[in-house]
Amino acid sequence: MRSIVGGARLILLAVVIVILFFLVVGIFPVVPDSMRVRMVKRWAPRLLRVLGIRLDVKGRIPNAEAASGLREDGPGYLVCANHISFADIFVLDSILPVRFIAKKEISKWPIFGLISKHVGTIFIDRSSRRAIVDVVEVMDKHLARGENVLFFPEGTTGPGDALLPFYANLFSAAKPAEYNGIEVLPITLKYSVNGIPSTMPSYASRDLFTVLKDIVRTKNVSVEATILTPIKAAAYDRRTLCAETSRAMAEALGWPDATAAKAEALRAKLAKTGTEKASAAE
């Protein structure tokens with residue numbers, strides 16, 4: 001029975017992806033941004049339903065315009081979320097349309113790469129320091145236009161039951177906060193099966209297609225998305241902003257704050273090194 005249901009969902013998903021492909025390639029380039037974001041928010045929940053994933057949202061987006069995808073009275077949100085599954089994209093777009101930051105390799109994926117380009121994904125070459133600077137500038141421009149921009153501060157896919165240390169680089173996009181009031185909007189994700197927390201949807205250590213098959217064949221898969229209180233970026237530098245975002249998300253998830261633990265380990269190492277140098281000098 002599981003195989004039949006899973007097979008039916010995979011077929012339906014393939015049909016939906018084909019429709020989505022022609023939608024983003026043929027229609028997105030010729031419609032206004034406001035219509036594009038409305039279409040994204042309409043289609044994202046449908047993809048979750050096809051996958052058999054129920055979305056439970058806790059909290060709300062404080063600014064209604066930002067929740068619709070385009071804010072006219074100020075900058076969009078710099079959204080941060082923990083990354084667990086390929087389904088995260090549909091989950092987050094169901095809550096508020098965003099421009100995702102993704103590794104450049106995704107742009108070369110068959111079908112999905114082309115879809116990603118046409119929905120406005122911002123690609124980054126993580127191996128290049130200059131690329132980070134360029135991407136931050138692009139992020140700033142979209143935020144200033146009132147669009148929401150999302151990145152996964154862990155920099156990779158997490159296991160689904162723990163946060164990884166955050167990277168501070170892309171928090172630099174909040175640098176213009178002194179004059180445009182950018183806020184970081186943390187959103188936490190936690191998947192469950194039959195109401196029990198599960199790491200099954202994570203593709204941190206498994207290939208994407210295997211995870212996809214497991215999801216469509218499993219009953220009662222759900223994801224809890226918790227919208228946290230926005231953090232005013234003007235109050236912090238990028239490293240402190242990164243640390244504060246990690247603290248808030250770890251607290252909401254009930255998981256250890258890996259960013260704080262990493263910082264503490266570094267301080268202890270530096271202190272030990274300083275003591276050893278002082279002892280050697282004596």
# chains A, B, ... in the order shown; residues from 1 in each chain; ligands from 1
>>> residues_around(residues="range 225-230 of chain A", least_positions_apart="4", cutoff="10 Å", atoms="only C-alpha atoms", output="ChimeraX atom specification")
/A:55-62,77-79,81,88,91-92,95,182-191,245,248-249,252-253
>>> write_last_selection(atoms="C-alpha atoms", output="PDB file, in the first residue's frame")
ATOM      1  CA  LEU A  55       2.464  22.433   7.499  1.00  0.00           C
ATOM      2  CA  ASP A  56       1.812  23.807  10.986  1.00  0.00           C
ATOM      3  CA  VAL A  57       2.741  27.474  11.384  1.00  0.00           C
ATOM      4  CA  LYS A  58       3.264  29.054  14.795  1.00  0.00           C
ATOM      5  CA  GLY A  59       3.488  32.825  15.114  1.00  0.00           C
ATOM      6  CA  ARG A  60       2.889  35.320  12.344  1.00  0.00           C
ATOM      7  CA  ILE A  61       4.707  37.742  10.082  1.00  0.00           C
ATOM      8  CA  PRO A  62       4.424  41.172  11.796  1.00  0.00           C
ATOM      9  CA  TYR A  77      12.956  40.862   5.847  1.00  0.00           C
ATOM     10  CA  LEU A  78      16.348  39.183   5.914  1.00  0.00           C
ATOM     11  CA  VAL A  79      14.980  35.722   6.691  1.00  0.00           C
ATOM     12  CA  ALA A  81      16.014  29.403   8.788  1.00  0.00           C
ATOM     13  CA  ASP A  88      12.141  23.582   3.263  1.00  0.00           C
ATOM     14  CA  VAL A  91       7.545  25.393   3.458  1.00  0.00           C
ATOM     15  CA  LEU A  92       9.123  28.838   3.589  1.00  0.00           C
ATOM     16  CA  ILE A  95       4.763  31.379   4.719  1.00  0.00           C
ATOM     17  CA  ILE A 182      16.341  46.031   8.049  1.00  0.00           C
ATOM     18  CA  GLU A 183      15.153  43.306  10.421  1.00  0.00           C
ATOM     19  CA  VAL A 184      16.279  39.698  10.600  1.00  0.00           C
ATOM     20  CA  LEU A 185      13.311  37.321  10.728  1.00  0.00           C
ATOM     21  CA  PRO A 186      14.272  33.926  12.205  1.00  0.00           C
ATOM     22  CA  ILE A 187      12.081  30.936  11.295  1.00  0.00           C
ATOM     23  CA  THR A 188      12.686  27.504  12.780  1.00  0.00           C
ATOM     24  CA  LEU A 189      11.747  24.209  11.119  1.00  0.00           C
ATOM     25  CA  LYS A 190      11.194  20.837  12.785  1.00  0.00           C
ATOM     26  CA  TYR A 191       9.847  17.731  11.007  1.00  0.00           C
ATOM     27  CA  THR A 245      19.884  34.829  15.702  1.00  0.00           C
ATOM     28  CA  ALA A 248      16.916  32.734  19.476  1.00  0.00           C
ATOM     29  CA  MET A 249      16.495  29.801  17.077  1.00  0.00           C
ATOM     30  CA  ALA A 252      12.822  28.039  20.115  1.00  0.00           C
ATOM     31  CA  LEU A 253      13.820  24.571  18.910  1.00  0.00           C
TER      32      LEU A 253
END
>>> select_by_dssp(residues="range 141-229 of chain A", states="alpha helix (DSSP H)", output="PyMOL selection string")
chain A and resi 141-144+177-180+208-217
>>> write_last_selection(atoms="all heavy atoms", output="short mmCIF file (atom, residue, chain, number, x, y, z; two decimals), in the first residue's frame")
data_model
loop_
_atom_site.label_atom_id
_atom_site.label_comp_id
_atom_site.auth_asym_id
_atom_site.auth_seq_id
_atom_site.Cartn_x
_atom_site.Cartn_y
_atom_site.Cartn_z
N LYS A 141 20.16 45.12 -2.52
CA LYS A 141 19.29 45.76 -3.52
C LYS A 141 17.87 45.21 -3.44
O LYS A 141 16.90 45.97 -3.51
CB LYS A 141 19.87 45.55 -4.93
CG LYS A 141 21.17 46.32 -5.19
CD LYS A 141 21.71 46.02 -6.58
CE LYS A 141 23.03 46.76 -6.82
NZ LYS A 141 23.59 46.43 -8.16
N HIS A 142 17.74 43.90 -3.32
CA HIS A 142 16.41 43.30 -3.25
C HIS A 142 15.71 43.65 -1.94
O HIS A 142 14.50 43.92 -1.93
CB HIS A 142 16.51 41.78 -3.41
CG HIS A 142 16.84 41.35 -4.81
ND1 HIS A 142 15.96 41.55 -5.86
CD2 HIS A 142 17.94 40.76 -5.34
CE1 HIS A 142 16.50 41.08 -6.97
NE2 HIS A 142 17.71 40.60 -6.68
N LEU A 143 16.45 43.68 -0.84
CA LEU A 143 15.86 44.06 0.44
C LEU A 143 15.34 45.50 0.38
O LEU A 143 14.25 45.80 0.86
CB LEU A 143 16.90 43.93 1.56
CG LEU A 143 17.27 42.50 1.97
CD1 LEU A 143 18.53 42.51 2.84
CD2 LEU A 143 16.12 41.85 2.73
N ALA A 144 16.13 46.38 -0.24
CA ALA A 144 15.74 47.79 -0.35
C ALA A 144 14.48 47.96 -1.19
O ALA A 144 13.70 48.90 -0.97
CB ALA A 144 16.89 48.60 -0.95
N ALA A 177 21.38 48.84 7.75
CA ALA A 177 20.28 48.98 8.72
C ALA A 177 20.18 50.39 9.30
O ALA A 177 19.11 50.82 9.70
CB ALA A 177 20.46 47.97 9.85
N GLU A 178 21.32 51.12 9.35
CA GLU A 178 21.28 52.44 9.95
C GLU A 178 20.31 53.38 9.23
O GLU A 178 19.73 54.27 9.84
CB GLU A 178 22.68 53.09 9.94
CG GLU A 178 23.72 52.33 10.76
CD GLU A 178 24.38 51.22 9.97
OE1 GLU A 178 24.13 51.13 8.75
OE2 GLU A 178 25.15 50.45 10.58
N TYR A 179 20.11 53.15 7.92
CA TYR A 179 19.25 54.08 7.20
C TYR A 179 18.01 53.44 6.58
O TYR A 179 17.17 54.14 6.03
CB TYR A 179 20.03 54.82 6.11
CG TYR A 179 20.67 53.94 5.06
CD1 TYR A 179 19.95 53.50 3.95
CD2 TYR A 179 22.01 53.57 5.16
CE1 TYR A 179 20.53 52.70 3.00
CE2 TYR A 179 22.60 52.78 4.20
CZ TYR A 179 21.86 52.36 3.12
OH TYR A 179 22.45 51.56 2.16
N ASN A 180 17.86 52.11 6.65
CA ASN A 180 16.62 51.56 6.08
C ASN A 180 15.93 50.56 7.00
O ASN A 180 14.95 49.94 6.60
CB ASN A 180 16.87 50.96 4.69
CG ASN A 180 17.73 49.72 4.73
OD1 ASN A 180 18.04 49.19 5.79
ND2 ASN A 180 18.12 49.23 3.56
N LEU A 208 19.16 13.01 -2.49
CA LEU A 208 17.86 13.67 -2.53
C LEU A 208 16.74 12.73 -2.96
O LEU A 208 15.66 12.74 -2.38
CB LEU A 208 17.94 14.87 -3.47
CG LEU A 208 16.73 15.79 -3.55
CD1 LEU A 208 17.18 17.22 -3.85
CD2 LEU A 208 15.75 15.36 -4.63
N PHE A 209 16.98 11.89 -3.98
CA PHE A 209 15.90 11.04 -4.48
C PHE A 209 15.47 9.99 -3.46
O PHE A 209 14.28 9.66 -3.35
CB PHE A 209 16.31 10.36 -5.79
CG PHE A 209 15.15 9.70 -6.49
CD1 PHE A 209 14.11 10.45 -7.02
CD2 PHE A 209 15.09 8.32 -6.59
CE1 PHE A 209 13.02 9.85 -7.65
CE2 PHE A 209 14.02 7.69 -7.22
CZ PHE A 209 12.99 8.46 -7.76
N THR A 210 16.43 9.47 -2.68
CA THR A 210 16.09 8.50 -1.63
C THR A 210 15.19 9.15 -0.58
O THR A 210 14.19 8.57 -0.14
CB THR A 210 17.36 7.96 -0.96
OG1 THR A 210 18.15 7.26 -1.93
CG2 THR A 210 17.01 6.99 0.17
N VAL A 211 15.54 10.38 -0.20
CA VAL A 211 14.73 11.11 0.78
C VAL A 211 13.35 11.39 0.22
O VAL A 211 12.33 11.24 0.91
CB VAL A 211 15.43 12.42 1.19
CG1 VAL A 211 14.52 13.26 2.11
CG2 VAL A 211 16.74 12.13 1.89
N LEU A 212 13.30 11.79 -1.06
CA LEU A 212 12.01 12.06 -1.70
C LEU A 212 11.11 10.82 -1.68
O LEU A 212 9.92 10.91 -1.33
CB LEU A 212 12.25 12.51 -3.15
CG LEU A 212 11.01 12.67 -4.03
CD1 LEU A 212 10.07 13.72 -3.45
CD2 LEU A 212 11.42 13.06 -5.45
N LYS A 213 11.67 9.67 -2.00
CA LYS A 213 10.88 8.43 -1.99
C LYS A 213 10.37 8.12 -0.58
O LYS A 213 9.23 7.70 -0.40
CB LYS A 213 11.72 7.27 -2.51
CG LYS A 213 11.94 7.28 -4.02
CD LYS A 213 12.48 5.94 -4.51
CE LYS A 213 13.83 5.64 -3.92
NZ LYS A 213 14.39 4.36 -4.45
N ASP A 214 11.23 8.33 0.42
CA ASP A 214 10.81 8.05 1.80
C ASP A 214 9.68 8.98 2.23
O ASP A 214 8.74 8.55 2.92
CB ASP A 214 12.00 8.22 2.75
CG ASP A 214 12.96 7.04 2.69
OD1 ASP A 214 12.59 6.02 2.08
OD2 ASP A 214 14.07 7.15 3.24
N ILE A 215 9.76 10.24 1.84
CA ILE A 215 8.73 11.21 2.23
C ILE A 215 7.38 10.83 1.63
O ILE A 215 6.36 10.79 2.32
CB ILE A 215 9.13 12.64 1.82
CG1 ILE A 215 10.27 13.14 2.72
CG2 ILE A 215 7.93 13.59 1.93
CD1 ILE A 215 10.80 14.50 2.32
N VAL A 216 7.35 10.57 0.32
CA VAL A 216 6.06 10.30 -0.33
C VAL A 216 5.47 8.95 0.09
O VAL A 216 4.26 8.73 -0.04
CB VAL A 216 6.18 10.36 -1.87
CG1 VAL A 216 6.60 11.75 -2.32
CG2 VAL A 216 7.14 9.31 -2.40
N ARG A 217 6.29 8.06 0.63
CA ARG A 217 5.79 6.75 1.05
C ARG A 217 5.43 6.70 2.54
O ARG A 217 4.92 5.69 3.03
CB ARG A 217 6.85 5.68 0.76
CG ARG A 217 7.12 5.44 -0.72
CD ARG A 217 8.24 4.43 -0.90
NE ARG A 217 7.88 3.13 -0.34
CZ ARG A 217 8.75 2.12 -0.21
NH1 ARG A 217 10.02 2.28 -0.57
NH2 ARG A 217 8.36 0.97 0.30
#
>>> residues_around(residues="range 152-169 of chain A", least_positions_apart="6", cutoff="6 Å", atoms="only C-alpha atoms", output="ChimeraX atom specification")
/A:80-84,199,202,204,239,242,255,258-259
>>> residues_around(residues="Arg71 in chain A", least_positions_apart="5", cutoff="7 Å", atoms="only C-alpha atoms", output="number ranges by chain")
A: 65-66, 76, 146-147
>>> atom_distance(atom1="CA of Leu114 in chain A", atom2="CA of Val24 in chain A")
8.8 Å
>>> closest_residue(among="A:Met39, A:Ala102, A:Val223, A:Ala14", to="Ser198 in chain A", atoms="only C-alpha atoms")
A:Val223
>>> select_by_dssp(residues="range 102-210 of chain A", states="strand (DSSP E)", output="JSON, numbers by chain")
{"A": [102, 103, 122, 123, 124, 149, 150, 151, 183, 184, 185, 186, 187, 188, 189, 190, 191, 192, 193, 196, 197]}
>>> closest_residue(among="A:Ser85, A:Val149, A:His118, A:Thr218", to="Pro29 in chain A", atoms="only C-alpha atoms")
A:His118
>>> closest_residue(among="A:Ile231, A:Ala265, A:Val119, A:Ala243", to="Val31 in chain A", atoms="only C-alpha atoms")
A:Val119
>>> residues_around(residues="Val136 in chain A", least_positions_apart="5", cutoff="8 Å", atoms="only C-alpha atoms", output="list in words")
Leu170, Ser172 and Ala173 of chain A
>>> write_last_selection(atoms="C-alpha atoms", output="CSV table (one decimal), in the first residue's frame")
chain,number,residue,atom,x,y,z
A,170,LEU,CA,25.7,36.9,4.8
A,172,SER,CA,26.5,41.6,6.3
A,173,ALA,CA,23.4,42.2,4.1
>>> atom_distance(atom1="CA of Glu244 in chain A", atom2="CA of Ile132 in chain A")
21.2 Å
>>> residues_around(residues="Val40 in chain A", least_positions_apart="4", cutoff="12 Å", atoms="only C-alpha atoms", output="JSON, numbers by chain")
{"A": [20, 23, 24, 27, 28, 33, 34, 35, 36, 44, 45, 46, 47, 68, 69, 89, 90, 91, 92, 93, 94, 95, 96, 97, 98, 99, 115, 116, 118, 119, 120]}
